[in-house]
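A.B. asks: Provided herewith: model_12.csv, CSV, C-alpha atoms and all ligand atoms.
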chain,number,residue,atom,x,y,z
A,1,MET,CA,-47.4,-24.0,-68.4
A,2,ASP,CA,-46.1,-27.0,-66.5
A,3,ASN,CA,-47.9,-29.1,-64.0
A,4,ILE,CA,-46.7,-28.6,-60.5
A,5,LEU,CA,-48.7,-31.4,-58.9
A,6,GLU,CA,-50.4,-34.4,-60.5
A,7,ILE,CA,-52.3,-36.9,-58.5
A,8,ARG,CA,-53.7,-39.9,-60.2
A,9,GLY,CA,-56.0,-42.6,-58.7
A,10,LEU,CA,-55.1,-42.0,-55.1
A,11,SER,CA,-56.8,-44.2,-52.6
A,12,LYS,CA,-56.4,-44.6,-48.8
A,13,THR,CA,-58.2,-46.7,-46.3
A,14,PHE,CA,-57.7,-46.2,-42.5
A,15,ARG,CA,-58.5,-48.8,-40.0
A,16,ALA,CA,-59.9,-47.1,-36.9
A,17,GLY,CA,-61.2,-47.9,-33.5
A,18,PHE,CA,-61.2,-51.1,-31.5
A,19,TRP,CA,-62.9,-53.2,-34.2
A,20,LEU,CA,-60.5,-51.7,-36.8
A,21,ARG,CA,-63.4,-50.6,-38.9
A,22,LYS,CA,-62.5,-49.5,-42.4
A,23,VAL,CA,-62.7,-45.8,-43.2
A,24,ARG,CA,-62.2,-45.1,-47.0
A,25,ALA,CA,-60.7,-41.6,-46.6
A,26,LEU,CA,-59.7,-41.3,-50.3
A,27,ARG,CA,-61.3,-43.0,-53.3
A,28,ASP,CA,-59.5,-42.7,-56.6
A,29,VAL,CA,-58.6,-39.1,-56.2
A,30,SER,CA,-57.1,-37.4,-59.3
A,31,LEU,CA,-56.2,-33.7,-59.7
A,32,THR,CA,-53.8,-31.4,-61.4
A,33,VAL,CA,-52.3,-28.2,-60.2
A,34,ARG,CA,-50.6,-26.1,-62.8
A,35,GLU,CA,-47.8,-23.6,-62.4
A,36,ASN,CA,-48.7,-20.2,-60.8
A,37,GLU,CA,-52.3,-21.3,-60.1
A,38,ILE,CA,-54.2,-20.7,-56.9
A,39,TYR,CA,-55.9,-24.0,-56.4
A,40,GLY,CA,-58.8,-24.3,-53.9
A,41,PHE,CA,-59.4,-27.7,-52.4
A,42,LEU,CA,-62.9,-27.5,-51.1
A,43,GLY,CA,-64.7,-30.0,-49.0
A,44,PRO,CA,-66.8,-30.3,-45.8
A,45,ASN,CA,-65.3,-31.7,-42.5
A,46,GLY,CA,-64.0,-35.2,-42.9
A,47,ALA,CA,-63.9,-35.1,-46.7
A,48,GLY,CA,-60.3,-36.2,-47.0
A,49,LYS,CA,-58.5,-32.8,-47.5
A,50,THR,CA,-55.9,-33.3,-44.8
A,51,THR,CA,-55.3,-36.9,-45.8
A,52,THR,CA,-54.7,-35.9,-49.4
A,53,ILE,CA,-52.2,-33.2,-48.3
A,54,LYS,CA,-50.4,-35.4,-45.9
A,55,THR,CA,-50.1,-38.0,-48.6
A,56,ILE,CA,-48.6,-35.5,-51.0
A,57,LEU,CA,-46.0,-34.6,-48.4
A,58,GLY,CA,-45.1,-38.3,-47.8
A,59,LEU,CA,-46.4,-38.2,-44.2
A,60,ILE,CA,-49.1,-40.9,-44.9
A,61,PHE,CA,-48.7,-43.8,-47.3
A,62,PRO,CA,-51.5,-44.4,-49.9
A,63,ASP,CA,-52.9,-47.8,-50.7
A,64,SER,CA,-52.6,-47.0,-54.4
A,65,GLY,CA,-52.1,-44.1,-56.8
A,66,LYS,CA,-49.4,-41.9,-58.2
A,67,ILE,CA,-48.2,-38.5,-57.2
A,68,THR,CA,-45.9,-36.3,-59.3
A,69,ILE,CA,-44.4,-33.1,-58.1
A,70,MET,CA,-42.8,-31.0,-60.8
A,71,GLY,CA,-42.4,-34.1,-62.9
A,72,LYS,CA,-40.7,-36.2,-60.2
A,73,ASP,CA,-42.2,-38.9,-58.1
A,74,TYR,CA,-43.3,-37.4,-54.7
A,75,ARG,CA,-41.0,-39.8,-52.8
A,76,ASP,CA,-38.0,-38.2,-54.4
A,77,ILE,CA,-36.5,-36.2,-51.5
A,78,SER,CA,-35.3,-33.5,-53.8
A,79,THR,CA,-38.9,-32.3,-54.4
A,80,ARG,CA,-39.1,-31.2,-50.7
A,81,ARG,CA,-36.9,-28.2,-51.5
A,82,TYR,CA,-39.6,-26.7,-53.7
A,83,ILE,CA,-42.4,-27.1,-51.2
A,84,GLY,CA,-43.6,-25.0,-48.3
A,85,TYR,CA,-46.2,-26.5,-46.0
A,86,ALA,CA,-48.4,-25.0,-43.4
A,87,PRO,CA,-50.3,-27.7,-41.4
A,88,GLU,CA,-53.8,-27.5,-40.2
A,89,GLN,CA,-52.9,-28.0,-36.6
A,90,PRO,CA,-49.2,-27.1,-36.3
A,91,TYR,CA,-47.2,-28.0,-33.3
A,92,PHE,CA,-45.6,-25.0,-31.7
A,93,TYR,CA,-42.8,-25.0,-29.2
A,94,GLU,CA,-44.5,-22.4,-27.2
A,95,TYR,CA,-41.5,-21.2,-25.2
A,96,LEU,CA,-39.7,-20.2,-28.4
A,97,THR,CA,-39.9,-16.6,-29.6
A,98,ALA,CA,-41.2,-15.9,-33.1
A,99,TYR,CA,-37.6,-15.4,-34.3
A,100,GLU,CA,-36.3,-18.6,-32.7
A,101,PHE,CA,-39.2,-20.6,-34.2
A,102,MET,CA,-38.5,-19.3,-37.7
A,103,LYS,CA,-34.8,-19.9,-37.2
A,104,PHE,CA,-35.4,-23.5,-36.2
A,105,TYR,CA,-37.3,-24.1,-39.5
A,106,GLY,CA,-34.7,-22.2,-41.4
A,107,SER,CA,-31.9,-24.4,-40.0
A,108,LEU,CA,-33.8,-27.5,-41.2
A,109,PHE,CA,-33.3,-26.2,-44.7
A,110,SER,CA,-29.6,-25.3,-43.9
A,111,ILE,CA,-30.2,-21.7,-44.6
A,112,PRO,CA,-27.2,-19.7,-43.3
A,113,SER,CA,-27.9,-17.5,-40.2
A,114,SER,CA,-26.8,-14.3,-42.0
A,115,GLU,CA,-29.5,-15.0,-44.6
A,116,LEU,CA,-32.1,-15.9,-41.9
A,117,LYS,CA,-31.4,-12.5,-40.2
A,118,ARG,CA,-32.5,-10.9,-43.4
A,119,ARG,CA,-35.3,-13.2,-44.3
A,120,ILE,CA,-37.1,-13.7,-40.9
A,121,PRO,CA,-38.1,-10.0,-40.3
A,122,MET,CA,-39.2,-9.7,-43.9
A,123,LEU,CA,-41.4,-12.8,-43.6
A,124,LEU,CA,-42.9,-11.8,-40.3
A,125,ASP,CA,-43.6,-8.4,-41.7
A,126,MET,CA,-45.3,-10.0,-44.7
A,127,VAL,CA,-47.7,-12.0,-42.6
A,128,GLY,CA,-48.5,-9.0,-40.4
A,129,LEU,CA,-46.3,-10.0,-37.5
A,130,GLY,CA,-43.7,-7.3,-37.9
A,131,GLY,CA,-42.0,-6.3,-34.6
A,132,LYS,CA,-43.1,-9.5,-32.8
A,133,GLU,CA,-39.7,-11.2,-33.3
A,134,SER,CA,-39.0,-11.5,-29.5
A,135,LEU,CA,-42.5,-12.4,-28.4
A,136,GLN,CA,-42.9,-16.0,-27.2
A,137,LEU,CA,-45.4,-18.1,-29.1
A,138,ARG,CA,-47.4,-18.9,-25.9
A,139,LYS,CA,-48.4,-15.3,-25.9
A,140,PHE,CA,-49.6,-15.4,-29.5
A,141,SER,CA,-53.4,-15.4,-30.3
A,142,LYS,CA,-54.8,-18.2,-32.5
A,143,GLY,CA,-54.8,-15.8,-35.5
A,144,MET,CA,-51.1,-14.9,-34.8
A,145,LEU,CA,-50.2,-18.6,-34.7
A,146,GLN,CA,-51.9,-19.1,-38.0
A,147,ARG,CA,-49.9,-16.3,-39.5
A,148,ILE,CA,-46.5,-17.6,-38.2
A,149,GLY,CA,-47.4,-21.0,-39.5
A,150,LEU,CA,-47.6,-19.4,-42.9
A,151,ALA,CA,-44.4,-17.4,-42.4
A,152,GLN,CA,-42.7,-20.8,-41.5
A,153,ALA,CA,-44.0,-22.3,-44.8
A,154,LEU,CA,-42.2,-19.6,-46.7
A,155,ILE,CA,-38.8,-19.8,-45.0
A,156,ASN,CA,-37.2,-21.8,-47.8
A,157,ASP,CA,-38.6,-19.5,-50.5
A,158,PRO,CA,-40.6,-22.4,-51.9
A,159,LYS,CA,-42.1,-22.5,-55.4
A,160,PHE,CA,-45.1,-24.4,-54.3
A,161,LEU,CA,-47.1,-23.8,-51.2
A,162,ILE,CA,-49.4,-26.3,-49.6
A,163,LEU,CA,-51.6,-24.8,-47.0
A,164,ASP,CA,-54.1,-26.8,-45.0
A,165,GLU,CA,-57.0,-24.5,-43.9
A,166,PRO,CA,-54.8,-21.3,-43.8
A,167,MET,CA,-57.7,-19.1,-42.9
A,168,SER,CA,-59.2,-21.1,-40.1
A,169,GLY,CA,-59.4,-19.4,-36.8
A,170,LEU,CA,-59.1,-15.9,-38.3
A,171,ASP,CA,-61.6,-13.1,-38.1
A,172,PRO,CA,-62.9,-11.5,-41.3
A,173,ILE,CA,-60.1,-9.0,-41.5
A,174,GLY,CA,-57.5,-11.7,-40.9
A,175,ARG,CA,-59.1,-13.8,-43.6
A,176,ARG,CA,-58.9,-11.0,-46.0
A,177,GLU,CA,-55.2,-10.4,-45.1
A,178,ILE,CA,-54.3,-14.0,-45.8
A,179,ARG,CA,-56.3,-13.9,-49.0
A,180,ASP,CA,-54.3,-10.8,-50.1
A,181,LEU,CA,-51.1,-12.5,-49.1
A,182,ILE,CA,-52.0,-15.6,-51.2
A,183,LEU,CA,-52.7,-13.3,-54.1
A,184,ALA,CA,-49.3,-11.6,-53.6
A,185,LEU,CA,-47.6,-14.9,-53.5
A,186,LYS,CA,-49.2,-15.8,-56.9
A,187,LYS,CA,-48.0,-12.5,-58.3
A,188,SER,CA,-44.5,-13.3,-57.2
A,189,GLY,CA,-44.6,-16.4,-59.3
A,190,LYS,CA,-45.6,-19.0,-56.7
A,191,THR,CA,-48.2,-21.8,-56.9
A,192,VAL,CA,-50.6,-22.2,-54.0
A,193,PHE,CA,-52.7,-25.2,-53.2
A,194,PHE,CA,-54.9,-24.7,-50.1
A,195,SER,CA,-57.8,-26.5,-48.5
A,196,THR,CA,-60.8,-24.9,-47.0
A,197,HIS,CA,-64.5,-25.5,-46.3
A,198,ILE,CA,-65.3,-21.8,-46.6
A,199,LEU,CA,-66.8,-21.1,-50.0
A,200,SER,CA,-66.1,-17.4,-50.1
A,201,ASP,CA,-62.3,-17.9,-49.6
A,202,VAL,CA,-62.3,-20.0,-52.8
A,203,GLU,CA,-64.7,-17.8,-54.8
A,204,MET,CA,-62.6,-14.7,-54.2
A,205,ILE,CA,-59.1,-15.8,-55.1
A,206,CYS,CA,-58.9,-19.2,-56.8
A,207,ASP,CA,-58.1,-19.9,-60.4
A,208,LYS,CA,-59.1,-23.6,-60.0
A,209,VAL,CA,-61.3,-25.6,-57.6
A,210,ALA,CA,-61.7,-29.2,-56.7
A,211,ILE,CA,-64.7,-30.2,-54.7
A,212,ILE,CA,-64.0,-33.3,-52.5
A,213,ILE,CA,-66.8,-35.1,-50.7
A,214,GLU,CA,-66.5,-38.4,-48.8
A,215,GLY,CA,-63.0,-39.0,-50.3
A,216,GLU,CA,-64.1,-38.5,-53.9
A,217,ILE,CA,-63.4,-35.6,-56.2
A,218,ARG,CA,-66.8,-34.6,-57.5
A,219,LYS,CA,-65.7,-31.7,-59.6
A,220,GLU,CA,-62.4,-30.1,-60.8
A,221,ALA,CA,-62.6,-27.1,-63.0
A,222,SER,CA,-61.6,-23.5,-63.3
A,223,LEU,CA,-63.7,-21.2,-61.1
A,224,SER,CA,-65.1,-19.3,-64.1
A,225,GLU,CA,-66.1,-22.6,-65.8
A,226,LEU,CA,-67.8,-23.8,-62.6
A,227,LEU,CA,-69.8,-20.7,-62.2
A,228,SER,CA,-70.8,-20.0,-65.8
A,229,ILE,CA,-72.0,-23.4,-66.9
A,230,ASP,CA,-75.6,-24.0,-67.8
A,231,TYR,CA,-77.3,-20.9,-66.6
A,232,ASN,CA,-81.0,-20.9,-67.6
A,233,GLU,CA,-82.4,-17.7,-66.1
A,234,VAL,CA,-81.7,-14.0,-66.6
A,235,GLU,CA,-82.5,-11.1,-64.4
A,236,VAL,CA,-84.2,-8.3,-66.2
A,237,VAL,CA,-84.3,-4.9,-64.5
A,238,PHE,CA,-86.4,-2.1,-65.9
A,239,LYS,CA,-88.0,1.2,-64.9
A,240,GLY,CA,-91.2,3.0,-65.7
A,241,GLY,CA,-93.7,2.2,-68.4
A,242,ASN,CA,-97.5,1.7,-68.3
A,243,LYS,CA,-99.4,-0.3,-65.7
A,244,SER,CA,-100.1,-3.3,-67.9
A,245,ILE,CA,-96.4,-4.1,-68.3
A,246,LYS,CA,-96.2,-5.9,-64.9
A,247,ASP,CA,-99.4,-7.9,-65.5
A,248,ASP,CA,-98.1,-9.0,-68.9
A,249,LEU,CA,-94.7,-9.8,-67.5
A,250,LYS,CA,-96.1,-11.9,-64.7
A,251,LYS,CA,-97.4,-14.3,-67.3
A,252,ILE,CA,-93.8,-14.7,-68.6
A,253,GLY,CA,-91.6,-14.8,-65.5
A,254,LEU,CA,-91.4,-14.1,-61.9
A,255,LEU,CA,-91.6,-10.5,-60.5
A,256,MET,CA,-89.0,-10.5,-57.7
A,257,LYS,CA,-88.8,-6.9,-56.5
A,258,ASP,CA,-90.5,-3.6,-57.3
A,259,ILE,CA,-88.7,-0.8,-55.6
A,260,ASP,CA,-89.1,2.9,-56.4
A,261,ASP,CA,-90.4,2.3,-59.8
A,262,THR,CA,-87.6,-0.1,-60.6
A,263,CYS,CA,-88.6,-3.7,-61.3
A,264,TYR,CA,-86.6,-6.9,-61.1
A,265,MET,CA,-87.8,-9.8,-63.1
A,266,LEU,CA,-86.5,-13.4,-63.4
A,267,VAL,CA,-87.2,-14.9,-66.8
A,268,SER,CA,-86.0,-18.0,-68.5
A,269,LYS,CA,-83.3,-17.6,-71.2
A,270,SER,CA,-85.7,-18.5,-74.0
A,271,ASP,CA,-88.1,-15.7,-72.9
A,272,ILE,CA,-85.7,-12.8,-73.1
A,273,SER,CA,-86.9,-11.4,-76.5
A,274,LYS,CA,-90.6,-11.7,-75.4
A,275,THR,CA,-89.8,-9.8,-72.1
A,276,VAL,CA,-87.9,-7.1,-73.9
A,277,ASP,CA,-90.7,-6.5,-76.3
A,278,VAL,CA,-93.3,-6.2,-73.6
A,279,ILE,CA,-91.2,-3.6,-71.7
A,280,ARG,CA,-90.4,-1.6,-74.8
A,281,LEU,CA,-94.0,-1.6,-76.1
A,282,GLY,CA,-95.2,-0.5,-72.7
A,283,GLY,CA,-92.8,2.4,-72.7
A,284,GLY,CA,-90.4,1.1,-70.0
A,285,ASP,CA,-86.7,1.5,-69.9
A,286,ILE,CA,-84.5,-1.6,-69.7
A,287,LEU,CA,-81.7,-1.0,-67.2
A,288,SER,CA,-79.9,-4.4,-67.3
A,289,ILE,CA,-80.2,-8.0,-68.4
A,290,ILE,CA,-77.9,-10.2,-66.4
A,291,PRO,CA,-77.6,-14.0,-66.6
A,292,LYS,CA,-78.3,-15.5,-63.3
A,293,ARG,CA,-75.2,-17.6,-62.7
A,294,ARG,CA,-75.0,-20.4,-60.2
A,295,THR,CA,-73.0,-19.6,-57.1
A,296,LEU,CA,-70.4,-21.9,-55.8
A,297,GLU,CA,-72.7,-22.5,-52.9
A,298,ASP,CA,-75.4,-23.9,-55.3
A,299,ILE,CA,-72.8,-26.2,-56.8
A,300,PHE,CA,-71.4,-27.3,-53.5
A,301,ILE,CA,-74.8,-28.0,-51.9
A,302,LYS,CA,-75.9,-29.9,-54.9
A,303,GLU,CA,-72.8,-32.1,-54.9
A,304,ILE,CA,-73.2,-32.8,-51.1
A,305,ASN,CA,-76.8,-33.9,-51.7
A,306,CYS,CA,-76.3,-36.2,-54.6
A,401,LIG,N1,-55.2,-41.5,-38.7
A,401,LIG,C1,-56.4,-41.7,-39.0
A,401,LIG,N2,-57.0,-42.9,-38.6
A,401,LIG,C2,-58.3,-43.2,-38.9
A,401,LIG,N3,-59.1,-42.4,-39.6
A,401,LIG,C3,-58.6,-41.3,-40.1
A,401,LIG,C4,-57.2,-40.9,-39.8
A,401,LIG,N4,-57.0,-39.7,-40.4
A,401,LIG,C5,-58.2,-39.3,-41.0
A,401,LIG,N5,-59.1,-40.3,-40.8
A,401,LIG,C6,-60.5,-40.3,-41.4
A,401,LIG,O1,-60.4,-40.0,-42.7
A,401,LIG,C7,-61.5,-39.2,-43.2
A,401,LIG,C8,-60.9,-37.9,-43.8
A,401,LIG,O2,-60.3,-37.1,-42.8
A,401,LIG,P1,-59.5,-35.8,-43.1
A,401,LIG,O3,-58.8,-35.4,-41.9
A,401,LIG,O4,-58.6,-36.0,-44.3
A,401,LIG,O5,-60.7,-34.8,-43.5
A,401,LIG,P2,-60.6,-33.2,-43.8
A,401,LIG,O6,-61.3,-33.0,-45.1
A,401,LIG,O7,-59.3,-32.7,-43.6
A,401,LIG,O8,-61.6,-32.6,-42.7
A,401,LIG,P3,-61.5,-31.3,-41.8
A,401,LIG,O9,-62.2,-30.2,-42.6
A,401,LIG,O10,-62.3,-31.6,-40.6
A,401,LIG,O11,-60.1,-31.0,-41.5
A,401,LIG,C9,-62.3,-38.9,-41.9
A,401,LIG,O12,-63.4,-39.8,-41.9
A,401,LIG,C10,-61.4,-39.2,-40.8
A,401,LIG,O13,-62.0,-39.6,-39.6
A,402,MG,MG,-58.4,-31.3,-42.4
Represent the supplied structure as structure tokens.
C.D. replies:
Amino acid sequence: MDNILEIRGLSKTFRAGFWLRKVRALRDVSLTVRENEIYGFLGPNGAGKTTTIKTILGLIFPDSGKITIMGKDYRDISTRRYIGYAPEQPYFYEYLTAYEFMKFYGSLFSIPSSELKRRIPMLLDMVGLGGKESLQLRKFSKGMLQRIGLAQALINDPKFLILDEPMSGLDPIGRREIRDLILALKKSGKTVFFSTHILSDVEMICDKVAIIIEGEIRKEASLSELLSIDYNEVEVVFKGGNKSIKDDLKKIGLLMKDIDDTCYMLVSKSDISKTVDVIRLGGGDILSIIPKRRTLEDIFIKEINC
């Protein structure tokens, strides 16, 4: 599989305020997005997500670093054809109707109007705005604007989508719809890079995740790698058995719950055999033994605190 996006050693310093204080927005950022991946760019407010995205798009100039899009330098104008971008805070011409808005973006890519006539209703339908063609954008809710921003990013049928916080401002149902849409885009062969500070959005759909904090990439790995590394504890669930089982088990691990004769224990990996023996000898039935994996939240909070 090819790399769609490669960023190497990207740094950017802003000078802000009256005293032109230095803000190091990006510090030696490197990341790689492969073809047909859903890539989650996760970080708290002010971490540098939008700055990274704007730099990829050539809207901000970096102090140093290298960006390659499909093997070409990002400043090569021909790369634009393959990219769809939905900004975090899009500017909408609010007196335009949904159709006119889409047509405007279509014309920027020189898409013939006969093709736009076919494509616009299809895209509006896809983002859940079917039938809203003639509604003015000033009458759109925040969630509807978010959706049309996405439809706009798809107007040129791009291979690679860059979405800055595509789910912000949406209610739980709206978030789910956008997640499903991103999954559908992947299925149709596209690559999606999106930023967010919401962990569950990443956990549910991403193949790969980068965690950016204070302008620095703290982790970049596949989601399964991130969640499965170094687990030390297992949850043992069992039922029944004699009274002394629990007393014996309390010496080994932590009794978490005891509901309707079903017990949940947390024991360390090295004590699994000992725990199983105690339960079996005491006449209990083991229902499950599950490694207690870290959640993305555990990882995220740990990275923020170090
Ligand atoms: N044009 C600018 N001038 C000065 N400082 C800036 C500028 N743009 C961004 N910054 C600073 O750079 C840092 C990174 O900002 P950025 O907008 O990239 O963060 P973000 O991760 O997108 O945050 P959010 O989740 O709030 O959108 C912040 O400290 C911000 O104040
Ligand atoms: Mg941002």
A.B. asks: Once you count all atoms listed in the file, which residues end up within 7 Å of ligand LIG 401 (chain A), and could you hand them over as a VMD selection string?
C.D. replies: chain A and resid 14 to 16 23 to 25 43 to 52 197 215
A.B. asks: Write the selection just made, keeping C-alpha atoms, as a PDB file, keeping the file's coordinate frame?
C.D. replies:
ATOM      1  CA  PHE A  14     -57.700 -46.200 -42.500  1.00  0.00           C
ATOM      2  CA  ARG A  15     -58.500 -48.800 -40.000  1.00  0.00           C
ATOM      3  CA  ALA A  16     -59.900 -47.100 -36.900  1.00  0.00           C
ATOM      4  CA  VAL A  23     -62.700 -45.800 -43.200  1.00  0.00           C
ATOM      5  CA  ARG A  24     -62.200 -45.100 -47.000  1.00  0.00           C
ATOM      6  CA  ALA A  25     -60.700 -41.600 -46.600  1.00  0.00           C
ATOM      7  CA  GLY A  43     -64.700 -30.000 -49.000  1.00  0.00           C
ATOM      8  CA  PRO A  44     -66.800 -30.300 -45.800  1.00  0.00           C
ATOM      9  CA  ASN A  45     -65.300 -31.700 -42.500  1.00  0.00           C
ATOM     10  CA  GLY A  46     -64.000 -35.200 -42.900  1.00  0.00           C
ATOM     11  CA  ALA A  47     -63.900 -35.100 -46.700  1.00  0.00           C
ATOM     12  CA  GLY A  48     -60.300 -36.200 -47.000  1.00  0.00           C
ATOM     13  CA  LYS A  49     -58.500 -32.800 -47.500  1.00  0.00           C
ATOM     14  CA  THR A  50     -55.900 -33.300 -44.800  1.00  0.00           C
ATOM     15  CA  THR A  51     -55.300 -36.900 -45.800  1.00  0.00           C
ATOM     16  CA  THR A  52     -54.700 -35.900 -49.400  1.00  0.00           C
ATOM     17  CA  HIS A 197     -64.500 -25.500 -46.300  1.00  0.00           C
ATOM     18  CA  GLY A 215     -63.000 -39.000 -50.300  1.00  0.00           C
TER      19      GLY A 215
END
A.B. asks: Would you list the residues near (-56.7, -39.5, -54.9) (no more than 12 Å away, in the coordinates of the file, using only C-alpha atoms) as a PyMOL selection string?
C.D. replies: chain A and resi 6-13+24-32+47-56+61-67+210+212-218
A.B. asks: With C-alpha atoms retained, export the selected residues as a PDB file, in the frame of the given file.
C.D. replies:
ATOM      1  CA  GLU A   6     -50.400 -34.400 -60.500  1.00  0.00           C
ATOM      2  CA  ILE A   7     -52.300 -36.900 -58.500  1.00  0.00           C
ATOM      3  CA  ARG A   8     -53.700 -39.900 -60.200  1.00  0.00           C
ATOM      4  CA  GLY A   9     -56.000 -42.600 -58.700  1.00  0.00           C
ATOM      5  CA  LEU A  10     -55.100 -42.000 -55.100  1.00  0.00           C
ATOM      6  CA  SER A  11     -56.800 -44.200 -52.600  1.00  0.00           C
ATOM      7  CA  LYS A  12     -56.400 -44.600 -48.800  1.00  0.00           C
ATOM      8  CA  THR A  13     -58.200 -46.700 -46.300  1.00  0.00           C
ATOM      9  CA  ARG A  24     -62.200 -45.100 -47.000  1.00  0.00           C
ATOM     10  CA  ALA A  25     -60.700 -41.600 -46.600  1.00  0.00           C
ATOM     11  CA  LEU A  26     -59.700 -41.300 -50.300  1.00  0.00           C
ATOM     12  CA  ARG A  27     -61.300 -43.000 -53.300  1.00  0.00           C
ATOM     13  CA  ASP A  28     -59.500 -42.700 -56.600  1.00  0.00           C
ATOM     14  CA  VAL A  29     -58.600 -39.100 -56.200  1.00  0.00           C
ATOM     15  CA  SER A  30     -57.100 -37.400 -59.300  1.00  0.00           C
ATOM     16  CA  LEU A  31     -56.200 -33.700 -59.700  1.00  0.00           C
ATOM     17  CA  THR A  32     -53.800 -31.400 -61.400  1.00  0.00           C
ATOM     18  CA  ALA A  47     -63.900 -35.100 -46.700  1.00  0.00           C
ATOM     19  CA  GLY A  48     -60.300 -36.200 -47.000  1.00  0.00           C
ATOM     20  CA  LYS A  49     -58.500 -32.800 -47.500  1.00  0.00           C
ATOM     21  CA  THR A  50     -55.900 -33.300 -44.800  1.00  0.00           C
ATOM     22  CA  THR A  51     -55.300 -36.900 -45.800  1.00  0.00           C
ATOM     23  CA  THR A  52     -54.700 -35.900 -49.400  1.00  0.00           C
ATOM     24  CA  ILE A  53     -52.200 -33.200 -48.300  1.00  0.00           C
ATOM     25  CA  LYS A  54     -50.400 -35.400 -45.900  1.00  0.00           C
ATOM     26  CA  THR A  55     -50.100 -38.000 -48.600  1.00  0.00           C
ATOM     27  CA  ILE A  56     -48.600 -35.500 -51.000  1.00  0.00           C
ATOM     28  CA  PHE A  61     -48.700 -43.800 -47.300  1.00  0.00           C
ATOM     29  CA  PRO A  62     -51.500 -44.400 -49.900  1.00  0.00           C
ATOM     30  CA  ASP A  63     -52.900 -47.800 -50.700  1.00  0.00           C
ATOM     31  CA  SER A  64     -52.600 -47.000 -54.400  1.00  0.00           C
ATOM     32  CA  GLY A  65     -52.100 -44.100 -56.800  1.00  0.00           C
ATOM     33  CA  LYS A  66     -49.400 -41.900 -58.200  1.00  0.00           C
ATOM     34  CA  ILE A  67     -48.200 -38.500 -57.200  1.00  0.00           C
ATOM     35  CA  ALA A 210     -61.700 -29.200 -56.700  1.00  0.00           C
ATOM     36  CA  ILE A 212     -64.000 -33.300 -52.500  1.00  0.00           C
ATOM     37  CA  ILE A 213     -66.800 -35.100 -50.700  1.00  0.00           C
ATOM     38  CA  GLU A 214     -66.500 -38.400 -48.800  1.00  0.00           C
ATOM     39  CA  GLY A 215     -63.000 -39.000 -50.300  1.00  0.00           C
ATOM     40  CA  GLU A 216     -64.100 -38.500 -53.900  1.00  0.00           C
ATOM     41  CA  ILE A 217     -63.400 -35.600 -56.200  1.00  0.00           C
ATOM     42  CA  ARG A 218     -66.800 -34.600 -57.500  1.00  0.00           C
TER      43      ARG A 218
END
A.B. asks: Might you pull out every residue within 12 Å of Val202 (chain A), with only C-alpha atoms counted and same-chain residues fewer than 3 positions away left off, and present them as a ChimeraX atom specification?
C.D. replies: /A:38-43,165-167,175-176,179,182-183,192-199,205-211,222-224,226,295-297,300
A.B. asks: Those residues you just picked out, can you put them in a file as a PDB file, in the frame of the given file with C-alpha atoms?
C.D. replies:
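Listed below is the output, result38.pdb:
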ATOM      1  CA  ILE A  38     -54.200 -20.700 -56.900  1.00  0.00           C
ATOM      2  CA  TYR A  39     -55.900 -24.000 -56.400  1.00  0.00           C
ATOM      3  CA  GLY A  40     -58.800 -24.300 -53.900  1.00  0.00           C
ATOM      4  CA  PHE A  41     -59.400 -27.700 -52.400  1.00  0.00           C
ATOM      5  CA  LEU A  42     -62.900 -27.500 -51.100  1.00  0.00           C
ATOM      6  CA  GLY A  43     -64.700 -30.000 -49.000  1.00  0.00           C
ATOM      7  CA  GLU A 165     -57.000 -24.500 -43.900  1.00  0.00           C
ATOM      8  CA  PRO A 166     -54.800 -21.300 -43.800  1.00  0.00           C
ATOM      9  CA  MET A 167     -57.700 -19.100 -42.900  1.00  0.00           C
ATOM     10  CA  ARG A 175     -59.100 -13.800 -43.600  1.00  0.00           C
ATOM     11  CA  ARG A 176     -58.900 -11.000 -46.000  1.00  0.00           C
ATOM     12  CA  ARG A 179     -56.300 -13.900 -49.000  1.00  0.00           C
ATOM     13  CA  ILE A 182     -52.000 -15.600 -51.200  1.00  0.00           C
ATOM     14  CA  LEU A 183     -52.700 -13.300 -54.100  1.00  0.00           C
ATOM     15  CA  VAL A 192     -50.600 -22.200 -54.000  1.00  0.00           C
ATOM     16  CA  PHE A 193     -52.700 -25.200 -53.200  1.00  0.00           C
ATOM     17  CA  PHE A 194     -54.900 -24.700 -50.100  1.00  0.00           C
ATOM     18  CA  SER A 195     -57.800 -26.500 -48.500  1.00  0.00           C
ATOM     19  CA  THR A 196     -60.800 -24.900 -47.000  1.00  0.00           C
ATOM     20  CA  HIS A 197     -64.500 -25.500 -46.300  1.00  0.00           C
ATOM     21  CA  ILE A 198     -65.300 -21.800 -46.600  1.00  0.00           C
ATOM     22  CA  LEU A 199     -66.800 -21.100 -50.000  1.00  0.00           C
ATOM     23  CA  ILE A 205     -59.100 -15.800 -55.100  1.00  0.00           C
ATOM     24  CA  CYS A 206     -58.900 -19.200 -56.800  1.00  0.00           C
ATOM     25  CA  ASP A 207     -58.100 -19.900 -60.400  1.00  0.00           C
ATOM     26  CA  LYS A 208     -59.100 -23.600 -60.000  1.00  0.00           C
ATOM     27  CA  VAL A 209     -61.300 -25.600 -57.600  1.00  0.00           C
ATOM     28  CA  ALA A 210     -61.700 -29.200 -56.700  1.00  0.00           C
ATOM     29  CA  ILE A 211     -64.700 -30.200 -54.700  1.00  0.00           C
ATOM     30  CA  SER A 222     -61.600 -23.500 -63.300  1.00  0.00           C
ATOM     31  CA  LEU A 223     -63.700 -21.200 -61.100  1.00  0.00           C
ATOM     32  CA  SER A 224     -65.100 -19.300 -64.100  1.00  0.00           C
ATOM     33  CA  LEU A 226     -67.800 -23.800 -62.600  1.00  0.00           C
ATOM     34  CA  THR A 295     -73.000 -19.600 -57.100  1.00  0.00           C
ATOM     35  CA  LEU A 296     -70.400 -21.900 -55.800  1.00  0.00           C
ATOM     36  CA  GLU A 297     -72.700 -22.500 -52.900  1.00  0.00           C
ATOM     37  CA  PHE A 300     -71.400 -27.300 -53.500  1.00  0.00           C
TER      38      PHE A 300
END
